[in-house]
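Worksheet for the structure shown next.
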Amino acid sequence: MCGIVAYVGPKEAYPVILKGLKRLEYRGYDSSGVALLDKELKIYKKKGKVAELEESLVGKDLHAHIGIGHTRWATHGEPNDRNAHPHLSASGKLAMIHNGIIENYAQLKQELLKKGYEFKSDTDTEVLLNFIDDIRENNQCSLEEAVRIALKRVVGAYVIIIVDQESPDTLIAARKGSPLVIGIGKDEHFLASDASPIIEYTKEVVYVNDYELAIIKPDELVLKNLGNEKLTPFVQKLDIELAAIEKGGYEHFMLKEIFEQPHTIYDCLRGRLDLSNGQVKMAGVQQNIEQLKNANRIIMVACGTSWHAGLVAEYIFEELCRIPVEVEYASEFRYRNPVIHPGDVIVAISQSGETADTLVAIEKAKEQGAFIFGVLNVVGSSIARASHSGAYTHAGPEIGVASTKAFTAQLAVLTMIALKLAKEKGTIDAARYNNLLHELHAIPEKVEVVLQQKDKIQAIAAKYSNANDFLYLGRGYNFPVALEGALKTKEISYIHAEGYPAAEMKHGPIALVDETLPVVFVATKDAYHEKIVSNIQEIKARKGKVLAVITEGDEIISQLSDDIMVVPEADEIVAPMLNVIPMQLLAYYIGVSKGLDVDKPRNLAKSVTVE
Ligand code: M6R
C-alpha cells in the first residue's frame, strides 16, 4: 500500500522518481506527488494516477538532484490533492513521504494542536512530520536525532523518507513494518518500496530492517538502529531483470501474467521435481523435515488469493500427508487468541511477502512456539525474513493487482511440499506418488492448451459482461477454485460474484437463480463429477445460465451447459492449476469489455501493508 521512491545523486531526480512511481503504481493510485529540493523545496501533488501528476507538471522547472515521490492508497483522509504526499512541515523546512499507518496519530495530533500547530491535511503523515519537526526545534537537535526520538513514541507501521531544506544532499529514512529497499549506484542512491524502480540503475541493494534508520547522501549510506548504533549494511544482488517488470507487448500486465503461467509454473518446478530419481528437492523442506513431517497440525495463514491457495493445499495435505490442516484468514487469526502448540507448523502464503496481517499473524504464532514456513514470491520480503524456513514460488514480479501467476505457482509449491512430506511419512503409495510427479510435470504444457482458448473465452465474456451478479460453484479441490473465480470477477469487472461449494448452493444462494444469473461451474472430471452434474441440473431447472469449466471430452456437462471452457484431463490434485486459468481469462475479458483499468482496479492495492 502506497509506493515510495526517492533519489539523491548526480542525475535529475524528477525523471528517476516519476519512472519509479509508475513502476510502483500497482501499490496504490489514489493520488501521487513529488518533493524536489534545489535551491528551495518544491512540492507537487495531484489526485488520481501518476500520469495526471506528470501532465500537470509539464513546463514546470523540475530541476533537482534530490527528491522524494509517493503514490498513495488512502487510509487517513479521502484521496484528494490536500491529502496526497509528500507533506510539508509547518516550518516549511521538511517534506516527508510515508507508507503505513501511525496508530497513535490522534494522540500526537492533540499534543501538537495544544502547541498551536495547524494541519493542512487529514493524514497521520502530516502529524508525524510535525511531531518530528517539533522535537527538532525544541531539542535543538539534528533531524536524525529528532526522527529517532519521535519513532520511539510512534505506534504503528511506517516507512518514512524525509528531505530537509537545510541538508540539501541528505535523505533520512526509517522503517518499521513496511518495506524499504535502497539501491546503491556510483555516487548515488535510490530508495523505493520494492526493487522495481531500482533495477534499471543498479543491482546492488540493501533491504532496510524494522527499527533501522538510514542517513543517505550521494556517496554515503549510514545505517543505524534506534539506539544510534551504527550497523553494517548487508548488500545483496538483485536477481530480476528489467524485462520482467515491463509489459512486453501485452495490453495489460494481468494478461501478460496469465500468459506467463506455463513458464512460471515450469520455473517453479525446475530443479525441484526430479522425475528420473522420483524425488522432490526442496532445501527449505529437507532442512526441517523432522519438524514438518511430525507436525501435529498445519495452519495455513494468508489473505485473498493466497488464502485460496491455502484452501486447495488443505485438501491436498490432508489427502496425501494425513496431517490435520486449518486455513486461517491472517486478519482473524492475529486478533483472536488461537491455540498454538509447539508442534504446530504455520505455513504463511503470500505473493508480496509484505501483507501486514500475514506478517503480524506469523510473528504472534512464532512467539507461541510455532514453526513458520513461508511460501512466498518476493525474495527477501518481510515475511521471508520473519519465517524460519520456506520455499519461493519463483513466479517473477507480479504487477497486475489481481493475482494470477502467483496463485498457480503457490499451488505448484504447496503440491510439491505435500508430495515430499507424504513420501517421508509413508502416507502415499509409490504408484500414486510417481503418477503425481508426472502429473505435476505435465502442467505447464497443459496450461498452454488452456490458454489457446482465449478468443473463445473472450466471446463468452462479451456475452455475460452485462450481468449484475455471478455465482461460482465447485466441489472438492474445485471449491477454492470457484472462490478464486468469484474474487477475480469482483476485483476486475466490479460485478458482484459469490463463490460457493456447489452442494451448499441449495442451502441459500439458489434463491438468487433465475434466467439472468450466470452460474460458473468448475466441473472437471474428479471424484465429485456425478454429484456436480446433479447440481448443474438444479440450476438448469431454475433457468439459470450455466458456464462450465469441463474436462476435454465431457459430453454430459457440455450438453447441459450454455457455454463451456475446456481443460485437458488431469489428476484432481493438480487440476486447480488448470481450472483457474479460464476464470482468470473470463474476469480479465469482462473487465476489458467494460473499459475498466484491469491492472489497477479501483480501491485496491497490490501489496496490502496496512491491516
Ligand atoms: O501478497 P499477498 O499474497 O499476501 O496478498 C494477499 C491478497 O492481498 C491478494 O491475494 C489479493 O486478494 C489480490 N488482489 C487477489 O487478486
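Chain lettering (A, B, ...) mirrors the order of the C-alpha cells, residue numbering begins at 1 for each chain separately, and ligand numbering begins at 1 in order of display.
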
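Summary of the local environment: counting only C-alpha atoms, residues at most 8 Å from region 441-457 of chain A, other than itself and those fewer than 5 positions away along its chain, are Phe259, Gln261, Pro262, His263, Ile265, Tyr266, Leu269, Leu273, Met565, Val566, Val567, Pro568, Val574, Met577, Leu578, Ile581, Pro582, Leu585, Leu586 and Tyr589 of chain A.
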
Which residues form the shell of 9 Å around ligand 1 when you count only C-alpha atoms and all ligand atoms, given as a ChimeraX atom specification?
/A:302-308,348-359,376-378,400-404,406-407,484,487-488,491-492,604-609

When DSSP is applied to the backbone of this structure, which of region 142-348 of chain A are assigned strand (DSSP E)? Write them out as an MDAnalysis selection string.
chainID A and resid 156:164 171:176 181:185 188:192 204:207 212:217 220:225 230:231 235:237 273:274 279:280 297:302 325:329 344:348

When DSSP works through the backbone of this structure, what residues of region 232-413 of chain A end up as helix (DSSP H, G or I), shown as a ChimeraX atom specification?
/A:242-245,253-259,261-269,283-286,289-293,304-321,330-333,356-367,382-386,405-413

Would you put the residues from that selection into a file with C-alpha atoms, as a PDB file, in the first residue's frame?
ATOM      1  CA  LEU A 242      14.088  -5.184 -16.268  1.00  0.00           C
ATOM      2  CA  ALA A 243      12.041  -7.147 -18.846  1.00  0.00           C
ATOM      3  CA  ALA A 244      10.298  -8.967 -16.013  1.00  0.00           C
ATOM      4  CA  ILE A 245       8.605  -5.760 -14.878  1.00  0.00           C
ATOM      5  CA  PHE A 253       0.198  -6.765 -17.016  1.00  0.00           C
ATOM      6  CA  MET A 254      -2.650  -9.035 -15.997  1.00  0.00           C
ATOM      7  CA  LEU A 255      -2.844 -10.588 -19.459  1.00  0.00           C
ATOM      8  CA  LYS A 256       0.925 -10.907 -19.633  1.00  0.00           C
ATOM      9  CA  GLU A 257       0.977 -12.607 -16.259  1.00  0.00           C
ATOM     10  CA  ILE A 258      -1.839 -15.000 -17.188  1.00  0.00           C
ATOM     11  CA  PHE A 259       0.104 -15.954 -20.317  1.00  0.00           C
ATOM     12  CA  GLN A 261       1.958 -19.214 -16.384  1.00  0.00           C
ATOM     13  CA  PRO A 262       3.355 -22.101 -18.442  1.00  0.00           C
ATOM     14  CA  HIS A 263       6.806 -20.609 -17.782  1.00  0.00           C
ATOM     15  CA  THR A 264       6.272 -19.562 -14.195  1.00  0.00           C
ATOM     16  CA  ILE A 265       4.951 -22.987 -13.197  1.00  0.00           C
ATOM     17  CA  TYR A 266       7.824 -24.588 -15.082  1.00  0.00           C
ATOM     18  CA  ASP A 267      10.320 -22.301 -13.291  1.00  0.00           C
ATOM     19  CA  CYS A 268       8.760 -23.231 -10.006  1.00  0.00           C
ATOM     20  CA  LEU A 269       9.119 -26.969 -10.693  1.00  0.00           C
ATOM     21  CA  ALA A 283      16.103 -27.373   0.574  1.00  0.00           C
ATOM     22  CA  GLY A 284      13.800 -25.470   2.939  1.00  0.00           C
ATOM     23  CA  VAL A 285      11.691 -28.595   3.450  1.00  0.00           C
ATOM     24  CA  GLN A 286      14.599 -31.018   3.632  1.00  0.00           C
ATOM     25  CA  ILE A 289      11.978 -32.415   7.535  1.00  0.00           C
ATOM     26  CA  GLU A 290      11.501 -33.748  11.073  1.00  0.00           C
ATOM     27  CA  GLN A 291       9.655 -30.635  12.189  1.00  0.00           C
ATOM     28  CA  LEU A 292       7.424 -30.667   9.129  1.00  0.00           C
ATOM     29  CA  LYS A 293       6.607 -34.333   8.830  1.00  0.00           C
ATOM     30  CA  GLY A 304      -7.146 -13.126  -0.554  1.00  0.00           C
ATOM     31  CA  THR A 305      -5.926 -15.274  -3.406  1.00  0.00           C
ATOM     32  CA  SER A 306      -3.136 -16.697  -1.259  1.00  0.00           C
ATOM     33  CA  TRP A 307      -5.807 -17.851   1.186  1.00  0.00           C
ATOM     34  CA  HIS A 308      -7.490 -19.698  -1.666  1.00  0.00           C
ATOM     35  CA  ALA A 309      -4.192 -21.423  -2.416  1.00  0.00           C
ATOM     36  CA  GLY A 310      -4.129 -22.421   1.257  1.00  0.00           C
ATOM     37  CA  LEU A 311      -7.608 -23.938   0.922  1.00  0.00           C
ATOM     38  CA  VAL A 312      -6.557 -26.071  -2.046  1.00  0.00           C
ATOM     39  CA  ALA A 313      -3.492 -27.101  -0.046  1.00  0.00           C
ATOM     40  CA  GLU A 314      -5.691 -28.120   2.893  1.00  0.00           C
ATOM     41  CA  TYR A 315      -7.364 -30.734   0.683  1.00  0.00           C
ATOM     42  CA  ILE A 316      -4.025 -31.890  -0.733  1.00  0.00           C
ATOM     43  CA  PHE A 317      -2.140 -32.142   2.576  1.00  0.00           C
ATOM     44  CA  GLU A 318      -4.947 -33.935   4.356  1.00  0.00           C
ATOM     45  CA  GLU A 319      -5.378 -36.354   1.465  1.00  0.00           C
ATOM     46  CA  LEU A 320      -1.705 -37.114   0.893  1.00  0.00           C
ATOM     47  CA  CYS A 321       0.015 -36.496   4.237  1.00  0.00           C
ATOM     48  CA  ALA A 330      -4.477 -13.835   8.721  1.00  0.00           C
ATOM     49  CA  SER A 331      -6.570 -10.839   9.775  1.00  0.00           C
ATOM     50  CA  GLU A 332      -8.768 -13.030  12.003  1.00  0.00           C
ATOM     51  CA  PHE A 333      -6.003 -15.269  13.260  1.00  0.00           C
ATOM     52  CA  ALA A 356       0.629  -6.738   7.118  1.00  0.00           C
ATOM     53  CA  ASP A 357      -1.959  -9.140   8.544  1.00  0.00           C
ATOM     54  CA  THR A 358       0.010 -12.208   7.491  1.00  0.00           C
ATOM     55  CA  LEU A 359       3.234 -10.772   8.842  1.00  0.00           C
ATOM     56  CA  VAL A 360       1.796  -9.979  12.261  1.00  0.00           C
ATOM     57  CA  ALA A 361      -0.052 -13.299  12.393  1.00  0.00           C
ATOM     58  CA  ILE A 362       3.155 -15.274  11.974  1.00  0.00           C
ATOM     59  CA  GLU A 363       5.010 -13.110  14.437  1.00  0.00           C
ATOM     60  CA  LYS A 364       2.349 -13.875  17.040  1.00  0.00           C
ATOM     61  CA  ALA A 365       2.440 -17.597  16.268  1.00  0.00           C
ATOM     62  CA  LYS A 366       6.220 -17.544  16.496  1.00  0.00           C
ATOM     63  CA  GLU A 367       6.010 -16.054  19.982  1.00  0.00           C
ATOM     64  CA  SER A 382       9.414  -9.073   5.272  1.00  0.00           C
ATOM     65  CA  ILE A 383       7.571 -12.381   5.662  1.00  0.00           C
ATOM     66  CA  ALA A 384      10.526 -14.241   4.140  1.00  0.00           C
ATOM     67  CA  ARG A 385      12.750 -12.721   6.764  1.00  0.00           C
ATOM     68  CA  ALA A 386      10.308 -13.425   9.575  1.00  0.00           C
ATOM     69  CA  LYS A 405       0.571 -16.398 -11.858  1.00  0.00           C
ATOM     70  CA  ALA A 406       1.411 -16.178  -8.160  1.00  0.00           C
ATOM     71  CA  PHE A 407      -1.608 -18.371  -7.370  1.00  0.00           C
ATOM     72  CA  THR A 408      -0.653 -21.197  -9.727  1.00  0.00           C
ATOM     73  CA  ALA A 409       2.952 -21.049  -8.541  1.00  0.00           C
ATOM     74  CA  GLN A 410       1.771 -21.242  -4.927  1.00  0.00           C
ATOM     75  CA  LEU A 411      -0.247 -24.337  -5.819  1.00  0.00           C
ATOM     76  CA  ALA A 412       2.769 -25.898  -7.518  1.00  0.00           C
ATOM     77  CA  VAL A 413       4.987 -25.303  -4.468  1.00  0.00           C
TER      78      VAL A 413
END

Return the single residue from A:Lys152, A:Ala461, A:Glu552, A:Asp274 that is closest to Leu440 (chain A), with distances computed using only C-alpha atoms.
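Using only C-alpha atoms, Leu440 (chain A) sits closest to A:Asp274.
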
So that I can check the surroundings of region 137-139 of chain A, please list as a PyMOL selection string every protein, DNA and RNA residue that reaches within 12 Å of it, counting only C-alpha atoms and ignoring chain neighbours fewer than 6 positions away.
chain A and resi 89-91+93+115+130-131+145-147+149-150

Long-range neighbours of Asp38 (chain A) as a list of chain:residue names, 9 Å cut-off, only C-alpha atoms, 5 positions minimum in chain:
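Once the nearby chain positions are removed, what remains is A:Leu62, A:His63, A:Ala64, A:His65, A:Ile66, A:Gly67, A:Gln165, A:Pro168.
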
Take the residues just selected and output them with N, CA, C and O atoms as a PDB file, in the first residue's frame.
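Output saved as result.pdb:
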ATOM      1  N   LEU A  62      11.653  21.618 -12.923  1.00  0.00           N
ATOM      2  CA  LEU A  62      11.705  20.477 -12.003  1.00  0.00           C
ATOM      3  C   LEU A  62      13.149  20.071 -11.712  1.00  0.00           C
ATOM      4  O   LEU A  62      13.406  18.972 -11.239  1.00  0.00           O
ATOM      5  N   HIS A  63      14.060  20.978 -11.954  1.00  0.00           N
ATOM      6  CA  HIS A  63      15.465  20.657 -11.775  1.00  0.00           C
ATOM      7  C   HIS A  63      15.792  20.416 -10.291  1.00  0.00           C
ATOM      8  O   HIS A  63      15.467  21.221  -9.427  1.00  0.00           O
ATOM      9  N   ALA A  64      16.397  19.283 -10.009  1.00  0.00           N
ATOM     10  CA  ALA A  64      16.864  18.965  -8.644  1.00  0.00           C
ATOM     11  C   ALA A  64      17.660  17.675  -8.701  1.00  0.00           C
ATOM     12  O   ALA A  64      17.425  16.834  -9.573  1.00  0.00           O
ATOM     13  N   HIS A  65      18.571  17.502  -7.738  1.00  0.00           N
ATOM     14  CA  HIS A  65      19.333  16.255  -7.667  1.00  0.00           C
ATOM     15  C   HIS A  65      18.951  15.433  -6.437  1.00  0.00           C
ATOM     16  O   HIS A  65      19.586  14.425  -6.134  1.00  0.00           O
ATOM     17  N   ILE A  66      17.952  15.913  -5.750  1.00  0.00           N
ATOM     18  CA  ILE A  66      17.448  15.147  -4.596  1.00  0.00           C
ATOM     19  C   ILE A  66      15.930  15.312  -4.575  1.00  0.00           C
ATOM     20  O   ILE A  66      15.410  16.397  -4.852  1.00  0.00           O
ATOM     21  N   GLY A  67      15.239  14.227  -4.297  1.00  0.00           N
ATOM     22  CA  GLY A  67      13.781  14.338  -4.265  1.00  0.00           C
ATOM     23  C   GLY A  67      13.139  13.067  -3.754  1.00  0.00           C
ATOM     24  O   GLY A  67      13.776  12.011  -3.637  1.00  0.00           O
ATOM     25  N   GLN A 165      15.275  20.938   3.864  1.00  0.00           N
ATOM     26  CA  GLN A 165      15.775  22.124   3.148  1.00  0.00           C
ATOM     27  C   GLN A 165      17.175  22.520   3.612  1.00  0.00           C
ATOM     28  O   GLN A 165      17.976  23.029   2.833  1.00  0.00           O
ATOM     29  N   PRO A 168      20.667  19.822   1.889  1.00  0.00           N
ATOM     30  CA  PRO A 168      20.206  19.524   0.527  1.00  0.00           C
ATOM     31  C   PRO A 168      20.858  18.311  -0.127  1.00  0.00           C
ATOM     32  O   PRO A 168      20.531  17.992  -1.263  1.00  0.00           O
TER      33      PRO A 168
END

Need to verify the contact set: Asn579 (chain A), 8 Å, only C-alpha atoms, exclusion of same-chain residues closer than 4 positions in sequence. Can you return it as a PyMOL selection string?
chain A and resi 478+481+522+524+549+567+575+583

Mind checking which residues fall within 12 Å of Phe190 (chain A), counting only C-alpha atoms, ignoring those fewer than 2 positions away in the same chain, and posting them as JSON, numbers by chain?
{"A": [4, 5, 6, 7, 8, 9, 10, 11, 13, 16, 17, 20, 65, 66, 67, 68, 69, 161, 171, 173, 180, 181, 182, 183, 184, 185, 186, 187, 188, 192, 193, 194, 195, 196, 197, 198, 199, 200, 201, 202, 203, 204, 205, 206, 207, 216, 217, 218, 219, 220, 221]}

Could you check the closest approach to Leu414 (chain A) for each of A:Val375, A:Val58, A:Val520, A:Ile557 and tell me which residue wins, using only C-alpha atoms?
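Residue with the minimum atom-to-atom distance to Leu414 (chain A): A:Val375.
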